[in-house]
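Listing of input-v6.tsv; format and content: TSV, C-alpha atoms and all ligand atoms.
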chain	number	residue	atom	x	y	z
A	33	MET	CA	127.08	118.54	97.46
A	34	LYS	CA	128.39	121.35	99.69
A	35	ARG	CA	128.66	121.07	103.50
A	36	ASN	CA	125.84	123.53	104.16
A	37	ASP	CA	123.48	122.23	101.46
A	38	PRO	CA	120.37	120.33	102.58
A	39	CYS	CA	121.29	116.64	102.74
A	40	TRP	CA	120.41	114.45	99.75
A	41	CYS	CA	118.48	112.10	102.05
A	42	GLY	CA	115.63	114.58	102.42
A	43	SER	CA	115.97	114.92	106.20
A	44	GLY	CA	116.06	118.72	105.90
A	45	LYS	CA	119.33	118.79	107.88
A	46	LYS	CA	122.56	120.30	106.54
A	47	TYR	CA	124.72	117.79	104.66
A	48	LYS	CA	127.62	118.25	107.12
A	49	LYS	CA	125.31	117.32	110.03
A	50	CYS	CA	123.68	114.44	108.19
A	51	HIS	CA	125.27	112.12	105.59
A	52	LEU	CA	128.68	113.79	104.96
A	53	ASP	CA	130.67	111.40	107.23
A	54	PHE	CA	128.56	108.54	105.88
A	55	ASP	CA	129.43	109.40	102.26
A	56	GLU	CA	133.12	109.67	103.12
A	57	ARG	CA	133.09	106.27	104.80
A	58	LEU	CA	131.22	104.71	101.87
A	59	GLU	CA	133.55	106.28	99.29
A	60	GLY	CA	136.61	105.18	101.28
A	61	LEU	CA	135.75	101.49	101.16
A	62	LYS	CA	137.96	99.35	98.94
A	63	LEU	CA	135.60	97.15	96.94
A	64	ASP	CA	136.39	94.19	94.69
A	65	ILE	CA	134.39	94.52	91.50
A	66	ASN	CA	135.24	90.89	90.61
A	67	LYS	CA	133.15	89.83	93.60
A	68	ASN	CA	130.31	92.13	92.60
A	69	GLN	CA	131.02	94.30	95.62
A	70	ILE	CA	129.18	97.57	94.99
A	71	ARG	CA	127.99	100.65	96.86
A	72	PRO	CA	124.26	101.36	97.30
A	73	THR	CA	122.87	104.35	95.45
A	74	HIS	CA	121.29	107.17	97.46
A	75	GLU	CA	117.73	106.18	96.54
A	76	LEU	CA	118.19	102.93	98.51
A	77	ILE	CA	118.81	104.85	101.74
A	78	TYR	CA	115.80	105.97	103.78
A	79	ASN	CA	115.68	108.86	106.25
A	80	ALA	CA	113.81	108.76	109.55
A	81	GLN	CA	110.59	110.14	108.03
A	82	ASP	CA	110.67	107.50	105.27
A	83	VAL	CA	111.22	104.75	107.85
A	84	GLU	CA	108.17	105.96	109.78
A	85	LYS	CA	106.11	105.53	106.60
A	86	ILE	CA	107.48	102.04	105.95
A	87	LYS	CA	106.63	101.21	109.57
A	88	ARG	CA	103.02	102.34	109.06
A	89	ALA	CA	102.69	99.98	106.07
A	90	ALA	CA	104.40	97.28	108.14
A	91	VAL	CA	101.95	97.54	111.04
A	92	ILE	CA	99.06	96.93	108.63
A	93	ASN	CA	100.95	94.09	106.95
A	94	THR	CA	101.63	92.42	110.30
A	95	GLY	CA	97.96	92.84	111.22
A	96	ALA	CA	97.01	91.07	107.98
A	97	LEU	CA	99.30	88.13	108.79
A	98	ASP	CA	97.88	88.03	112.32
A	99	LEU	CA	94.44	87.76	110.69
A	100	ILE	CA	95.67	84.70	108.74
A	101	ASP	CA	96.84	83.21	112.09
A	102	GLU	CA	93.19	83.39	113.21
A	103	LEU	CA	91.51	82.22	110.01
A	104	ILE	CA	93.68	79.41	108.71
A	105	LYS	CA	92.31	75.96	109.45
A	106	PRO	CA	91.44	72.69	107.69
A	107	GLY	CA	88.54	73.15	105.24
A	108	ILE	CA	89.10	76.82	104.43
A	109	ASP	CA	89.80	77.73	100.81
A	110	THR	CA	92.66	80.05	100.00
A	111	LEU	CA	90.43	82.55	98.15
A	112	SER	CA	88.62	83.21	101.45
A	113	LEU	CA	91.99	84.05	103.03
A	114	ASP	CA	92.74	86.36	100.11
A	115	THR	CA	89.41	88.15	100.39
A	116	ALA	CA	89.78	88.63	104.14
A	117	VAL	CA	93.25	90.14	103.75
A	118	HIS	CA	92.19	92.32	100.84
A	119	ASP	CA	89.31	93.76	102.85
A	120	TYR	CA	91.48	94.20	105.96
A	121	ILE	CA	94.24	96.10	104.14
A	122	VAL	CA	91.83	98.24	102.08
A	123	GLY	CA	89.87	98.93	105.28
A	124	LYS	CA	93.04	100.42	106.78
A	125	GLY	CA	93.33	102.79	103.80
A	126	ALA	CA	96.25	100.84	102.31
A	127	HIS	CA	96.77	98.67	99.21
A	128	PRO	CA	97.63	94.97	99.00
A	129	SER	CA	100.71	95.38	96.79
A	130	CYS	CA	100.52	91.97	95.11
A	131	LEU	CA	97.15	92.85	93.54
A	132	GLY	CA	97.94	93.98	90.00
A	133	PHE	CA	101.71	93.69	90.47
A	134	GLU	CA	103.02	92.66	87.03
A	135	GLY	CA	99.52	91.34	86.38
A	136	TYR	CA	99.30	89.18	89.53
A	137	PRO	CA	95.56	88.57	90.05
A	138	LYS	CA	95.19	88.33	93.85
A	139	SER	CA	96.12	90.18	97.06
A	140	ILE	CA	98.26	87.48	98.72
A	141	CYS	CA	100.33	84.45	97.76
A	142	THR	CA	99.42	81.04	99.24
A	143	SER	CA	102.10	78.43	98.59
A	144	ILE	CA	101.20	74.92	99.73
A	145	ASN	CA	103.56	71.93	100.30
A	146	ASN	CA	105.67	71.56	97.11
A	147	VAL	CA	104.82	75.12	96.00
A	148	VAL	CA	107.87	77.29	96.64
A	149	CYS	CA	106.25	80.71	96.22
A	150	HIS	CA	103.69	82.80	94.27
A	151	GLY	CA	100.84	80.30	94.67
A	152	ILE	CA	97.60	82.01	93.57
A	153	PRO	CA	94.64	81.77	95.98
A	154	SER	CA	91.63	79.90	94.61
A	155	ALA	CA	88.14	78.88	95.75
A	156	ASP	CA	88.99	75.34	94.61
A	157	GLU	CA	92.03	75.08	96.82
A	158	ILE	CA	90.88	73.72	100.18
A	159	LEU	CA	93.45	73.46	102.96
A	160	LYS	CA	93.82	70.02	104.56
A	161	ALA	CA	95.14	69.09	107.99
A	162	GLY	CA	98.89	68.56	107.73
A	163	ASP	CA	99.43	70.89	104.75
A	164	ILE	CA	102.29	73.33	105.19
A	165	VAL	CA	101.44	76.73	103.72
A	166	ASN	CA	103.36	79.95	103.19
A	167	VAL	CA	101.20	83.08	103.20
A	168	ASP	CA	103.08	86.08	101.75
A	169	ILE	CA	101.60	89.56	102.08
A	170	THR	CA	102.87	92.99	101.01
A	171	THR	CA	101.23	96.31	101.87
A	172	ASP	CA	101.81	99.78	100.48
A	173	LEU	CA	100.61	102.93	102.18
A	174	ASP	CA	101.36	106.51	101.14
A	175	GLY	CA	103.98	105.30	98.64
A	176	PHE	CA	105.92	102.98	100.98
A	177	PHE	CA	105.98	99.16	101.03
A	178	ALA	CA	106.43	96.41	103.65
A	179	ASP	CA	106.69	92.70	102.82
A	180	ALA	CA	106.54	89.58	105.02
A	181	SER	CA	105.43	85.96	105.05
A	182	ARG	CA	104.82	83.18	107.55
A	183	MET	CA	104.51	79.40	107.41
A	184	TYR	CA	101.45	77.63	108.75
A	185	ILE	CA	100.91	73.99	109.64
A	186	VAL	CA	97.22	73.50	108.87
A	187	GLY	CA	95.45	71.99	111.87
A	188	GLY	CA	98.65	72.29	113.91
A	189	LYS	CA	100.01	68.82	113.12
A	190	THR	CA	101.96	67.42	110.18
A	191	THR	CA	104.67	64.84	109.52
A	192	PRO	CA	107.95	65.13	111.49
A	193	GLU	CA	109.75	65.86	108.20
A	194	ALA	CA	107.45	68.74	107.29
A	195	GLN	CA	107.48	70.16	110.82
A	196	ARG	CA	111.26	70.14	110.94
A	197	LEU	CA	111.41	71.90	107.55
A	198	VAL	CA	109.06	74.65	108.76
A	199	GLU	CA	110.96	75.17	112.01
A	200	VAL	CA	114.46	75.02	110.54
A	201	THR	CA	113.50	77.39	107.71
A	202	ARG	CA	112.48	79.95	110.31
A	203	GLU	CA	115.86	79.51	112.03
A	204	ILE	CA	117.59	79.95	108.67
A	205	MET	CA	115.75	83.26	108.16
A	206	GLU	CA	116.78	84.38	111.66
A	207	ALA	CA	120.41	83.44	110.96
A	208	GLY	CA	120.23	85.49	107.77
A	209	ILE	CA	118.84	88.46	109.68
A	210	ARG	CA	121.63	88.23	112.28
A	211	ALA	CA	124.14	88.38	109.39
A	212	ALA	CA	122.58	91.58	107.98
A	213	GLN	CA	124.91	94.19	109.47
A	214	PRO	CA	125.84	97.78	108.59
A	215	TRP	CA	129.04	98.18	106.55
A	216	HIS	CA	129.03	94.47	105.79
A	217	LEU	CA	128.25	92.81	102.45
A	218	VAL	CA	124.79	91.49	101.59
A	219	GLY	CA	126.49	88.18	100.69
A	220	GLU	CA	126.99	87.49	104.40
A	221	ILE	CA	123.23	86.87	104.63
A	222	GLY	CA	123.37	84.17	101.95
A	223	ALA	CA	126.49	82.62	103.45
A	224	ALA	CA	124.74	82.27	106.84
A	225	CYS	CA	121.51	80.90	105.37
A	226	GLY	CA	123.29	78.51	103.01
A	227	ALA	CA	125.52	77.09	105.74
A	228	MET	CA	122.59	76.41	108.07
A	229	ALA	CA	120.51	74.87	105.28
A	230	ARG	CA	123.33	72.47	104.34
A	231	GLU	CA	123.98	71.52	107.99
A	232	ASN	CA	120.37	70.41	108.07
A	233	GLY	CA	120.49	68.52	104.78
A	234	TYR	CA	118.33	71.00	102.90
A	235	SER	CA	118.82	72.89	99.64
A	236	VAL	CA	118.35	76.60	99.02
A	237	VAL	CA	116.44	78.08	96.08
A	238	THR	CA	118.73	80.58	94.37
A	239	LEU	CA	116.66	81.50	91.32
A	240	LEU	CA	114.57	83.76	93.57
A	241	GLY	CA	115.59	85.74	96.63
A	242	GLY	CA	115.11	88.74	98.85
A	243	HIS	CA	115.30	92.34	97.79
A	244	GLY	CA	115.40	95.95	98.81
A	245	VAL	CA	111.96	97.34	99.63
A	246	GLY	CA	110.65	100.79	100.53
A	247	ARG	CA	109.61	103.29	97.88
A	248	GLN	CA	109.02	100.32	95.57
A	249	PHE	CA	108.01	96.68	96.06
A	250	HIS	CA	111.35	95.40	94.77
A	251	THR	CA	114.62	97.33	94.53
A	252	PRO	CA	118.29	96.37	94.57
A	253	PRO	CA	120.06	94.66	96.20
A	254	PHE	CA	119.14	91.08	95.27
A	255	VAL	CA	119.41	89.15	98.55
A	256	SER	CA	120.70	85.66	97.80
A	257	HIS	CA	120.11	83.00	100.44
A	258	ASP	CA	123.07	80.88	99.35
A	259	CYS	CA	126.23	82.64	98.20
A	260	GLU	CA	129.78	83.63	99.14
A	261	ALA	CA	130.03	86.00	102.10
A	262	ASP	CA	132.40	88.42	100.36
A	263	THR	CA	130.01	89.31	97.54
A	264	GLY	CA	127.36	91.85	96.61
A	265	MET	CA	126.26	95.26	97.78
A	266	ILE	CA	127.47	96.95	100.96
A	267	LEU	CA	124.66	97.28	103.52
A	268	VAL	CA	124.52	100.65	105.24
A	269	PRO	CA	122.26	102.29	107.84
A	270	GLY	CA	118.97	103.38	106.30
A	271	MET	CA	118.69	100.51	103.83
A	272	VAL	CA	115.57	98.32	104.01
A	273	ILE	CA	115.68	94.75	102.71
A	274	THR	CA	113.85	91.46	103.00
A	275	VAL	CA	115.31	88.16	104.18
A	276	GLU	CA	113.10	85.38	102.78
A	277	PRO	CA	114.85	82.04	102.31
A	278	MET	CA	113.07	79.38	100.26
A	279	ILE	CA	114.29	76.00	101.54
A	280	ASN	CA	113.64	72.61	99.92
A	281	ILE	CA	113.84	69.11	101.39
A	282	GLY	CA	115.02	67.79	98.03
A	283	ALA	CA	116.83	69.54	95.19
A	284	LYS	CA	117.00	73.34	94.79
A	285	GLU	CA	115.62	73.40	91.24
A	286	VAL	CA	112.23	75.02	90.67
A	287	VAL	CA	109.77	75.26	87.80
A	288	THR	CA	107.17	77.93	87.06
A	289	ASP	CA	103.66	76.77	86.14
A	290	ALA	CA	103.25	76.99	82.36
A	291	ASP	CA	99.53	77.80	82.60
A	292	ASP	CA	99.35	80.56	85.21
A	293	ASN	CA	102.95	81.78	84.79
A	294	TRP	CA	103.21	82.46	88.55
A	295	THR	CA	103.12	79.32	90.69
A	296	VAL	CA	106.68	78.17	91.42
A	297	ARG	CA	107.08	74.51	92.45
A	298	THR	CA	109.99	72.28	93.39
A	299	GLU	CA	111.07	70.42	90.26
A	300	ASP	CA	111.30	67.11	92.16
A	301	GLY	CA	107.96	67.54	93.94
A	302	THR	CA	109.47	67.66	97.46
A	303	LEU	CA	108.30	70.05	100.17
A	304	SER	CA	109.46	73.67	100.33
A	305	ALA	CA	109.16	76.29	103.08
A	306	GLN	CA	109.74	80.04	103.35
A	307	TRP	CA	109.60	82.76	105.99
A	308	GLU	CA	110.09	86.46	105.27
A	309	LYS	CA	110.73	89.63	107.25
A	310	THR	CA	111.40	93.22	106.18
A	311	ILE	CA	114.33	94.70	108.13
A	312	LEU	CA	115.96	98.12	108.45
A	313	ILE	CA	119.76	98.27	108.60
A	314	THR	CA	120.65	100.49	111.56
A	315	GLU	CA	123.90	101.98	112.92
A	316	THR	CA	124.31	99.02	115.27
A	317	GLY	CA	122.64	96.09	113.50
A	318	ASN	CA	119.11	95.82	112.21
A	319	GLU	CA	115.50	96.30	113.22
A	320	VAL	CA	112.60	94.11	112.11
A	321	LEU	CA	109.87	96.25	110.51
A	322	ALA	CA	107.47	93.59	109.13
A	323	TYR	CA	107.18	89.95	110.19
B	1	LIG	N1	105.85	89.03	98.23
B	1	LIG	C1	106.73	88.42	97.26
B	1	LIG	C2	108.13	88.74	97.71
B	1	LIG	O1	108.46	88.38	98.78
B	1	LIG	C3	106.45	88.88	95.87
B	1	LIG	C4	105.12	88.45	95.39
B	1	LIG	S1	104.87	89.10	93.84
B	1	LIG	C5	103.32	88.59	93.44
B	1	LIG	O2	108.89	89.43	97.10
B	1	LIG	F1	103.01	89.24	92.37
B	1	LIG	F2	103.35	87.28	93.27
B	1	LIG	F3	102.49	88.88	94.41
B	2	CO	CO	106.88	88.62	100.23
B	3	CO	CO	109.83	89.84	99.41
I'd like the structure from this file rewritten - as structure tokens, please.
Ligand code: MF3
Ligand code: CO
Ligand code: CO
Amino acid sequence: MKRNDPCWCGSGKKYKKCHLDFDERLEGLKLDINKNQIRPTHELIYNAQDVEKIKRAAVINTGALDLIDELIKPGIDTLSLDTAVHDYIVGKGAHPSCLGFEGYPKSICTSINNVVCHGIPSADEILKAGDIVNVDITTDLDGFFADASRMYIVGGKTTPEAQRLVEVTREIMEAGIRAAQPWHLVGEIGAACGAMARENGYSVVTLLGGHGVGRQFHTPPFVSHDCEADTGMILVPGMVITVEPMINIGAKEVVTDADDNWTVRTEDGTLSAQWEKTILITETGNEVLAY
């Protein structure tokens, strides 16, 4: 690309005034292929107009999670939560991205107690006081996606063990987000999350993780929540990723339901929690887009 060409990022600016210095910095990095250290491709880097579109999807997604805050209570079935979110997102002119994604049948995921993720809402599944539930929602609008999830303690009270898991898992996510820095490796996120999980006596699910998000639901990089700091893709300004640690009280191993092929549970039946935010890597750190 020549200095006066329009920049590859689609900003409309000349390359020399846009991503030329950025490309030189990225190319100049010495990376260790044995540690899977790699550069992001251009399609993983969003310009300001793209970020505005992701933010519009994110505002709707956050509104949908706020709706769950209002609705969730003992006695409600998870299909009612799904229907409410579906209608909310569609009413805003957007699409609940889970619906139809690789054949997934519903608009949200509701993962209760020992369910790690991808629990399918059902009319038969009635929430009880003391259940801990992850509600995971993704929204796409005008071709751009935003993804987030929150934990809920049904009825506001649970066991001390479950409450501590929910609270510490949120802190683990926040530690991961603090570690997500421009020109640093994505592995630093997993190193931060893994260290905090272990300090608290918890295990980290590593079979599933976070991901790039933006023009698609899931893109590279894979965001591990327990790995070596000096590994993986370089994070650069304009990348959008999720941080979404899945933390178990017992062992890290998980099993996928053989009947529905979606529901992921802890192998040992112990409790699991997860929080998720979508973040933008900026020049100086990161910005939360969906929470
Ligand atoms: N929202 C999940 C994530 O955080 C993915 C759910 S895929 C579905 O990546 F098909 F189960 F909805
Ligand atoms: Co999600
Ligand atoms: Co996600």
(request) Find the residues around Val91 in chain A up to 9 Å (all atoms listed in the file counted), leave out those fewer than 3 positions away in its own chain, and share them as a PyMOL selection string. (result) chain A and resi 86-88+94-96+178+321-322
Residue selection dump (C-alpha atoms) as a short mmCIF file (atom, residue, chain, number, x, y, z; two decimals), in the coordinates of the input:
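The result, written out as out_31.cif:
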data_model
loop_
_atom_site.label_atom_id
_atom_site.label_comp_id
_atom_site.auth_asym_id
_atom_site.auth_seq_id
_atom_site.Cartn_x
_atom_site.Cartn_y
_atom_site.Cartn_z
CA ILE A 86 107.48 102.04 105.95
CA LYS A 87 106.63 101.21 109.57
CA ARG A 88 103.02 102.34 109.06
CA THR A 94 101.63 92.42 110.30
CA GLY A 95 97.96 92.84 111.22
CA ALA A 96 97.01 91.07 107.98
CA ALA A 178 106.43 96.41 103.65
CA LEU A 321 109.87 96.25 110.51
CA ALA A 322 107.47 93.59 109.13
#
Please identify all protein, DNA and RNA residues within 6 Å of ligand CO 3 (chain B), counting all atoms listed in the file, and report them as a JSON list (two decimals) with C-alpha atoms, keeping the file's coordinate frame.
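Once everything was written out, this is selection26.json:
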[["chain", "number", "residue", "atom", "x", "y", "z"],
["A", 179, "ASP", "CA", 106.69, 92.70, 102.82],
["A", 242, "GLY", "CA", 115.11, 88.74, 98.85],
["A", 274, "THR", "CA", 113.85, 91.46, 103.00]]
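Comparing A:Ser129, A:Glu276, A:Asp292, A:Ile100 by their smallest distance to Ala116 in chain A, the closest is A:Ile100 (using all atoms listed in the file).
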(message) Given the point (119.9, 114.8, 102.5) in the file's coordinates, find the residues that have an atom at most 12 Å from it, counting all atoms listed in the file, and give them as number ranges by chain.
(response) A: 33-52, 54-55, 74-75, 77-81
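Residue nearest ligand CO 2 (chain B) within the list A:Cys225, A:Cys130, A:Met271, A:Ala261: A:Cys130 [criterion: smallest interatomic distance, only C-alpha atoms and all ligand atoms].
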(request) Write as a ChimeraX atom specification the residues around ligand CO 2 (chain B), taking 10 Å as the cut-off and counting all atoms listed in the file. (result) /A:129-130,140-141,149-150,166-171,178-182,241-243,249-250,274-276,306-310
(message) Nearest residue to Pro106 in chain A out of A:Gly222, A:Gly188, A:Gly132, A:Gly123, using only C-alpha atoms?
(response) A:Gly188
(message) Neighbouring residues of Leu239 in chain A were defined as those with any atom within 9 Å, considering only C-alpha atoms; residues of the same chain fewer than 4 positions away were excluded. Please report them as a VMD selection string.
(response) chain A and resid 256 284 to 286
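When CA of Ile70 in chain A is paired with CA of Ala224 in chain A, their separation reads 19.9 Å.
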